[in-house]
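Enquirer: coords.tsv is reproduced in full below (TSV, C-alpha atoms and all ligand atoms).
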chain	number	residue	atom	x	y	z
T	32	MET	CA	73.70	150.08	-111.70
T	33	MET	CA	72.05	150.16	-108.30
T	34	ASP	CA	71.99	146.88	-106.41
T	35	THR	CA	68.28	146.21	-105.80
T	36	THR	CA	68.89	143.09	-103.67
T	37	PRO	CA	67.59	144.88	-100.50
T	38	LEU	CA	64.17	145.13	-102.15
T	39	PHE	CA	63.92	141.34	-102.08
T	40	THR	CA	63.69	141.43	-98.28
T	41	ILE	CA	60.17	142.90	-98.67
T	42	THR	CA	57.61	140.23	-97.83
T	43	TYR	CA	54.54	139.46	-99.93
T	44	GLY	CA	51.70	136.99	-100.25
T	45	LEU	CA	50.59	135.26	-103.43
T	46	TYR	CA	47.19	135.66	-105.03
T	47	VAL	CA	45.04	134.73	-108.00
T	48	VAL	CA	43.39	137.81	-109.52
T	49	GLY	CA	40.18	136.77	-111.25
T	50	SER	CA	38.69	139.05	-113.90
T	51	ARG	CA	36.01	138.82	-116.54
T	52	SER	CA	34.56	140.65	-119.51
T	53	GLY	CA	31.40	139.12	-120.93
T	54	ASP	CA	32.00	135.39	-121.40
T	55	LYS	CA	35.77	135.79	-121.25
T	56	LEU	CA	37.15	134.63	-117.90
T	57	ASN	CA	40.71	135.17	-116.79
T	58	GLY	CA	42.96	134.76	-113.79
T	59	GLN	CA	46.55	135.68	-113.09
T	60	ILE	CA	49.02	135.43	-110.24
T	61	SER	CA	49.98	138.55	-108.31
T	62	ASN	CA	52.18	139.09	-105.27
T	63	THR	CA	51.31	142.77	-104.93
T	64	VAL	CA	47.96	142.84	-103.15
T	65	PHE	CA	47.49	144.80	-99.93
T	66	GLN	CA	44.79	146.46	-97.87
T	67	VAL	CA	45.11	150.25	-97.92
T	68	THR	CA	42.21	151.51	-95.78
T	69	ALA	CA	39.85	150.01	-93.18
T	70	ASP	CA	36.83	152.33	-93.42
T	71	PRO	CA	35.74	151.99	-96.11
T	72	VAL	CA	37.78	148.87	-96.64
T	73	LYS	CA	39.91	149.20	-99.75
T	74	VAL	CA	42.52	146.92	-101.27
T	75	ALA	CA	45.16	147.67	-103.90
T	76	VAL	CA	46.60	145.39	-106.57
T	77	SER	CA	49.39	146.18	-109.03
T	78	ILE	CA	48.98	144.78	-112.54
T	79	SER	CA	51.32	145.03	-115.54
T	80	LYS	CA	49.87	146.97	-118.46
T	81	ALA	CA	50.95	144.09	-120.69
T	82	GLU	CA	48.65	141.60	-118.94
T	83	PHE	CA	45.26	140.56	-120.29
T	84	THR	CA	43.96	141.06	-116.72
T	85	HIS	CA	44.85	144.75	-117.04
T	86	GLU	CA	42.66	145.00	-120.10
T	87	LEU	CA	39.73	143.25	-118.39
T	88	ILE	CA	39.91	145.24	-115.14
T	89	SER	CA	40.20	148.51	-117.10
T	90	ARG	CA	37.12	147.53	-119.10
T	91	THR	CA	34.89	146.37	-116.23
T	92	GLY	CA	36.26	148.05	-113.09
T	93	LYS	CA	36.02	144.75	-111.27
T	94	CYS	CA	38.23	141.91	-110.09
T	95	CYS	CA	38.29	139.27	-107.40
T	96	ILE	CA	41.37	138.47	-105.32
T	97	GLY	CA	41.86	134.85	-104.22
T	98	VAL	CA	44.33	134.13	-101.43
T	99	LEU	CA	46.48	131.16	-102.45
T	100	SER	CA	46.99	128.27	-100.06
T	101	GLU	CA	50.41	126.67	-99.49
T	102	GLU	CA	48.75	123.53	-100.87
T	103	ALA	CA	48.83	124.99	-104.39
T	104	ASP	CA	51.48	123.31	-106.53
T	105	MET	CA	53.59	124.65	-109.39
T	106	THR	CA	51.28	123.22	-112.05
T	107	PHE	CA	48.32	125.10	-110.58
T	108	ILE	CA	50.30	128.33	-110.14
T	109	GLY	CA	51.95	127.98	-113.56
T	110	ASN	CA	48.57	127.79	-115.29
T	111	PHE	CA	47.72	131.25	-113.96
T	112	GLY	CA	51.20	132.73	-113.76
T	113	PHE	CA	53.02	131.76	-116.93
T	114	LYS	CA	50.37	131.71	-119.63
T	115	SER	CA	48.39	134.55	-121.13
T	116	GLY	CA	44.60	134.62	-121.06
T	117	ARG	CA	44.85	136.05	-124.58
T	118	ASP	CA	46.16	132.69	-125.80
T	119	VAL	CA	44.47	130.14	-123.55
T	120	ASP	CA	41.37	129.72	-121.43
T	121	LYS	CA	43.00	129.39	-118.01
T	122	PHE	CA	39.80	128.07	-116.46
T	123	ALA	CA	39.26	125.39	-119.11
T	124	ALA	CA	40.48	122.59	-116.84
T	125	ILE	CA	40.14	124.30	-113.44
T	126	PRO	CA	36.88	123.94	-111.47
T	127	TYR	CA	35.73	127.41	-110.45
T	128	THR	CA	32.89	129.37	-108.96
T	129	LEU	CA	31.80	132.91	-109.78
T	130	ALA	CA	32.16	135.49	-107.04
T	131	PRO	CA	29.26	137.98	-106.59
T	132	SER	CA	31.20	140.35	-108.90
T	133	GLY	CA	30.92	137.71	-111.64
T	134	CYS	CA	34.69	137.16	-111.61
T	135	PRO	CA	35.92	133.54	-111.52
T	136	MET	CA	37.66	131.96	-108.54
T	137	PRO	CA	39.26	128.51	-108.56
T	138	GLU	CA	37.46	126.11	-106.21
T	139	ALA	CA	40.68	124.53	-104.97
T	140	ASN	CA	43.81	126.06	-103.40
T	141	ILE	CA	42.04	129.32	-102.47
T	142	LEU	CA	41.55	130.22	-98.79
T	143	ALA	CA	39.53	133.41	-99.22
T	144	TYR	CA	38.12	135.66	-101.92
T	145	ILE	CA	37.90	139.45	-101.93
T	146	ASP	CA	35.69	141.15	-104.51
T	147	LEU	CA	36.79	144.61	-105.60
T	148	GLU	CA	35.06	147.46	-107.34
T	149	ILE	CA	37.83	149.70	-108.62
T	150	CYS	CA	37.53	153.30	-107.39
T	151	ASN	CA	41.02	154.65	-108.13
T	152	SER	CA	43.89	153.70	-110.34
T	153	ILE	CA	47.43	155.02	-110.34
T	154	ASP	CA	49.56	154.94	-113.46
T	155	VAL	CA	53.01	153.71	-112.48
T	156	ASP	CA	54.95	153.47	-115.75
T	157	THR	CA	54.82	149.77	-116.67
T	158	HIS	CA	52.03	148.97	-114.18
T	159	THR	CA	48.73	150.29	-112.89
T	160	VAL	CA	47.93	150.14	-109.19
T	161	PHE	CA	44.20	149.49	-109.04
T	162	ILE	CA	42.52	150.42	-105.76
T	163	GLY	CA	39.18	148.83	-105.13
T	164	GLU	CA	36.46	149.04	-102.53
T	165	VAL	CA	35.74	145.59	-101.10
T	166	THR	CA	32.17	144.77	-102.11
T	167	ASP	CA	32.18	141.20	-100.83
T	168	CYS	CA	34.59	138.72	-99.27
T	169	GLY	CA	34.53	135.27	-97.75
T	170	ILE	CA	36.56	132.36	-96.42
T	171	THR	CA	36.57	129.45	-98.87
T	172	GLY	CA	39.14	127.06	-97.45
T	173	GLU	CA	41.34	126.09	-94.54
T	174	GLY	CA	45.10	126.19	-94.48
T	175	THR	CA	48.09	128.49	-94.50
T	176	PRO	CA	48.23	131.42	-96.94
T	177	MET	CA	51.14	131.12	-99.32
T	178	THR	CA	53.87	133.72	-99.00
T	179	TYR	CA	56.05	134.81	-101.87
T	180	SER	CA	59.14	133.49	-100.11
T	181	TYR	CA	57.49	130.07	-99.67
T	182	TYR	CA	56.80	130.07	-103.41
T	183	GLN	CA	60.41	130.93	-104.21
T	184	GLU	CA	62.18	128.84	-101.58
T	185	VAL	CA	59.99	125.76	-101.22
T	186	LEU	CA	58.36	125.50	-104.66
T	187	ARG	CA	61.45	126.98	-106.36
T	188	GLY	CA	59.11	129.25	-108.30
T	189	LYS	CA	60.43	131.88	-110.68
T	190	THR	CA	59.17	135.39	-111.35
T	191	PRO	CA	57.76	136.27	-114.78
T	192	PRO	CA	59.14	139.47	-116.38
T	193	THR	CA	55.79	141.29	-116.01
T	194	ALA	CA	55.79	140.96	-112.19
T	195	PRO	CA	56.62	144.18	-110.28
T	196	SER	CA	59.26	142.28	-108.29
T	197	TYR	CA	60.94	140.70	-111.33
T	198	LYS	CA	64.72	140.67	-111.20
T	199	PRO	CA	66.85	140.16	-114.30
T	200	ALA	CA	68.87	136.93	-114.43
T	201	SER	CA	72.11	138.82	-113.79
T	202	GLN	CA	70.81	139.62	-110.29
T	203	ASP	CA	69.42	136.16	-109.68
T	204	VAL	CA	71.55	134.79	-106.88
T	205	GLU	CA	71.69	131.05	-107.18
T	206	SER	CA	72.23	129.29	-103.88
T	207	GLU	CA	75.36	127.27	-103.23
T	208	GLN	CA	73.24	124.20	-102.60
T	209	GLU	CA	71.38	124.64	-105.87
T	210	ARG	CA	74.67	124.80	-107.75
T	211	LYS	CA	75.93	121.64	-106.04
T	212	GLU	CA	72.80	119.68	-106.83
T	213	GLU	CA	74.06	117.44	-109.58
T	214	SER	CA	72.95	113.96	-110.40
T	215	ALA	CA	74.21	111.36	-112.84
T	216	MET	CA	71.73	112.64	-115.43
T	217	LYS	CA	71.47	116.34	-116.11
T	218	LYS	CA	68.51	118.46	-115.07
T	219	TYR	CA	66.99	120.93	-117.48
T	220	VAL	CA	65.20	124.14	-116.59
T	221	CYS	CA	62.38	125.82	-118.49
T	222	ASN	CA	63.55	129.27	-119.63
T	223	ILE	CA	60.00	130.58	-119.41
T	224	CYS	CA	58.67	129.44	-116.04
T	225	GLY	CA	61.61	127.92	-114.17
T	226	TYR	CA	60.19	124.40	-114.01
T	227	VAL	CA	63.03	121.93	-113.58
T	228	TYR	CA	62.95	118.59	-115.37
T	229	ASP	CA	64.61	116.04	-113.10
T	230	PRO	CA	65.38	112.81	-115.00
T	231	GLU	CA	65.20	110.83	-111.75
T	232	LYS	CA	61.56	111.84	-111.34
T	233	GLY	CA	60.57	112.12	-114.99
T	234	ASP	CA	57.14	113.63	-115.67
T	235	PRO	CA	54.67	110.79	-115.05
T	236	ASP	CA	51.66	113.07	-115.65
T	237	GLY	CA	53.12	113.93	-119.05
T	238	GLY	CA	53.85	110.28	-119.86
T	239	ILE	CA	57.57	110.43	-119.09
T	240	GLU	CA	58.80	107.56	-116.93
T	241	PRO	CA	61.18	108.24	-114.03
T	242	GLY	CA	64.75	107.66	-115.20
T	243	THR	CA	64.25	109.22	-118.64
T	244	ALA	CA	67.09	111.50	-119.74
T	245	PHE	CA	65.99	114.86	-121.13
T	246	GLU	CA	67.45	113.97	-124.54
T	247	ASP	CA	65.19	110.89	-124.67
T	248	ILE	CA	61.94	112.77	-124.10
T	249	PRO	CA	59.74	112.84	-127.25
T	250	ASP	CA	59.84	116.13	-129.17
T	251	ASP	CA	56.12	116.77	-128.68
T	252	TRP	CA	56.48	116.83	-124.88
T	253	VAL	CA	55.71	120.21	-123.32
T	254	CYS	CA	56.60	121.90	-120.05
T	255	PRO	CA	53.98	120.70	-117.51
T	256	VAL	CA	53.84	124.16	-115.94
T	257	CYS	CA	53.76	126.66	-118.81
T	258	GLY	CA	53.27	124.51	-121.91
T	259	VAL	CA	56.32	125.48	-124.00
T	260	GLY	CA	58.28	122.88	-126.01
T	261	LYS	CA	61.62	121.19	-125.30
T	262	GLY	CA	63.46	123.87	-127.26
T	263	GLN	CA	62.77	126.36	-124.47
T	264	PHE	CA	64.76	124.32	-121.93
T	265	SER	CA	68.38	124.87	-120.91
T	266	GLU	CA	70.79	122.63	-119.08
T	267	LYS	CA	70.70	123.44	-115.38
S	1	FE	FE	57.72	126.15	-118.36
The structure given in the file should be rewritten as structure tokens.
Expert:
Amino acid sequence: MMDTTPLFTITYGLYVVGSRSGDKLNGQISNTVFQVTADPVKVAVSISKAEFTHELISRTGKCCIGVLSEEADMTFIGNFGFKSGRDVDKFAAIPYTLAPSGCPMPEANILAYIDLEICNSIDVDTHTVFIGEVTDCGITGEGTPMTYSYYQEVLRGKTPPTAPSYKPASQDVESEQERKEESAMKKYVCNICGYVYDPEKGDPDGGIEPGTAFEDIPDDWVCPVCGVGKGQFSEK
């Protein structure tokens, strides 16, 4: 099997792709957004055919790209990146505005929005590359745009299987430091989103006091990032 490690030297940003069909609002995380022409200005985004966003963009021919700020935390990103809009309303607890296209954009953690009207789409096996003419755009915040490497290295974010840059676990190179990080109590990692439960920190927002061992967490506790139960966690 070919070693695809060199592909992980490609740099990306990180974006929320807002879409809408009727009253149904959705948003998902994408790292594959890029400008393709300047006159007229066109931007491309690659979306998995399995995603609800794919269905909505195909139906309406519209989406809005939001540029994520480095201020965005894993809980915010996880809401858009590790849940499906088919199962949950991702904007239920997130304040948002509607871009001129009618697509939703979170009010917080977004530095700029770019409205697209899709004019071309390219079928690429598991994904579609949608190319859209920019119909509107604007700056909505101040800060540093989040890069994909910042997400992976600083936030320790994982890549869901539907992302174009997903790498199977067998190719996931765990750093030496990560392997050495061991505390008296064991850490557990969410198999779905990569969130790490650290007993030293607990999960105060989820009602778990610092110093609580994973085994002692109540069975109805759920992953604060993606919402799955304790059964989906493995020892780190
Ligand atoms: Fe999770």
Enquirer: Produce a table with one row for each residue of stretch 150-202 of chain T that has an atom at most 12 Å from any atom of stretch 256-262 of chain T, each row naming the nearest atom pair and its distance in Å at one decimal; use all atoms listed in the file; arrange rows by chain and rising residue number; format as a tab-separated table.
Expert:
residue	atom	partner	partner_atom	distance
T:Gly188	CA	T:Val256	CA	10.6
T:Lys189	CA	T:Val256	CA	11.4
T:Pro191	CA	T:Cys257	CA	11.2
Enquirer: Where does chain T meet ligand FE 1 (chain S) within 12 Å, residue by residue, with the nearest atom pair and distance in Å to one decimal for each, counting all atoms listed in the file, listed by chain and rising number, as CSV?
Expert:
residue,atom,partner,partner_atom,distance
T:Met105,CA,S:FE1,FE,10.0
T:Thr106,CA,S:FE1,FE,9.5
T:Ile108,CA,S:FE1,FE,11.3
T:Gly109,CA,S:FE1,FE,7.7
T:Asn110,CA,S:FE1,FE,9.8
T:Gly112,CA,S:FE1,FE,10.3
T:Phe113,CA,S:FE1,FE,7.5
T:Lys114,CA,S:FE1,FE,9.3
T:Gly188,CA,S:FE1,FE,10.6
T:Lys189,CA,S:FE1,FE,10.0
T:Thr190,CA,S:FE1,FE,11.7
T:Pro191,CA,S:FE1,FE,10.7
T:Tyr219,CA,S:FE1,FE,10.7
T:Val220,CA,S:FE1,FE,7.9
T:Cys221,CA,S:FE1,FE,4.7
T:Asn222,CA,S:FE1,FE,6.7
T:Ile223,CA,S:FE1,FE,5.1
T:Cys224,CA,S:FE1,FE,4.1
T:Gly225,CA,S:FE1,FE,6.0
T:Tyr226,CA,S:FE1,FE,5.3
T:Val227,CA,S:FE1,FE,8.3
T:Tyr228,CA,S:FE1,FE,9.7
T:Trp252,CA,S:FE1,FE,11.4
T:Val253,CA,S:FE1,FE,8.0
T:Cys254,CA,S:FE1,FE,4.7
T:Pro255,CA,S:FE1,FE,6.7
T:Val256,CA,S:FE1,FE,5.0
T:Cys257,CA,S:FE1,FE,4.0
T:Gly258,CA,S:FE1,FE,5.9
T:Val259,CA,S:FE1,FE,5.8
T:Gly260,CA,S:FE1,FE,8.3
T:Lys261,CA,S:FE1,FE,9.4
T:Gly262,CA,S:FE1,FE,10.8
T:Gln263,CA,S:FE1,FE,7.9
T:Phe264,CA,S:FE1,FE,8.1
T:Ser265,CA,S:FE1,FE,11.0
Enquirer: Have a look at T:Asp54, T:Glu82, T:Asp234, T:Glu240 and name the one nearest to T:Asp118; count all atoms listed in the file.
Expert: T:Glu82
Enquirer: Interatomic distance between atom CA of T:Glu266 and atom CA of T:Phe245?
Expert: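 Rounded to one decimal, the two atoms are 9.4 Å apart.
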Enquirer: Name the closest residue to T:Cys95 among the candidates T:Val48, T:Met33, T:Val119, T:Val185; distances are taken between atoms, counting all atoms listed in the file.
Expert: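 Of T:Val48, T:Met33, T:Val119, T:Val185, the one nearest T:Cys95, counting all atoms listed in the file, is T:Val48.
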Enquirer: Give me, as a ChimeraX atom specification, all polymer residues having an atom no more than 10 Å from T:Ala103, counting all atoms listed in the file and skipping those fewer than 5 positions away in the same chain.
Expert: /T:108,139-141,176-177,182,186
Enquirer: I'd like the contact shell of stretch 68-77 of chain T - 7 Å cut-off, only C-alpha atoms, skipping same-chain residues fewer than 5 positions apart - returned as number ranges by chain.
Expert: T: 63, 158-165
Enquirer: Between T:Gly49, T:Val67, T:Thr35, T:Ala81, which residue has the minimum interatomic distance to T:Asp156, considering all atoms listed in the file?
Expert: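 The closest residue to T:Asp156 is T:Ala81.
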Enquirer: Taking all atoms listed in the file into account, which of T:Pro126, T:Pro135, T:Pro195, T:Gly92 comes nearest T:Leu147?
Expert: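 Going through T:Pro126, T:Pro135, T:Pro195, T:Gly92 one by one, the smallest distance to T:Leu147 is for T:Gly92.
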Enquirer: What is the distance between atom CA of T:Thr171 and atom CA of T:Tyr144, in Å to one decimal?
Expert: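 Result for atom CA of T:Thr171 versus atom CA of T:Tyr144: 7.1 Å, one decimal.
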Enquirer: Provide the atom CA of T:Asn151 to atom CA of T:Glu138 distance in Å, to one decimal place.
Expert: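 Between these atoms lies a distance of 28.8 Å.
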Enquirer: For T:Ser196, which residue among T:Ile239, T:Ile78, T:Val47, T:Cys150 is the nearest when counting only C-alpha atoms?
Expert: T:Ile78
Enquirer: Please, what is the axis-aligned box for every listed atom of stretch 90-98 of chain T with 8 Å on each side, as centre and edge lengths in Å to one decimal, as JSON?
Expert:
{"center_x": 39.6, "center_y": 141.1, "center_z": -110.3, "size_x": 25.4, "size_y": 29.9, "size_z": 33.7}
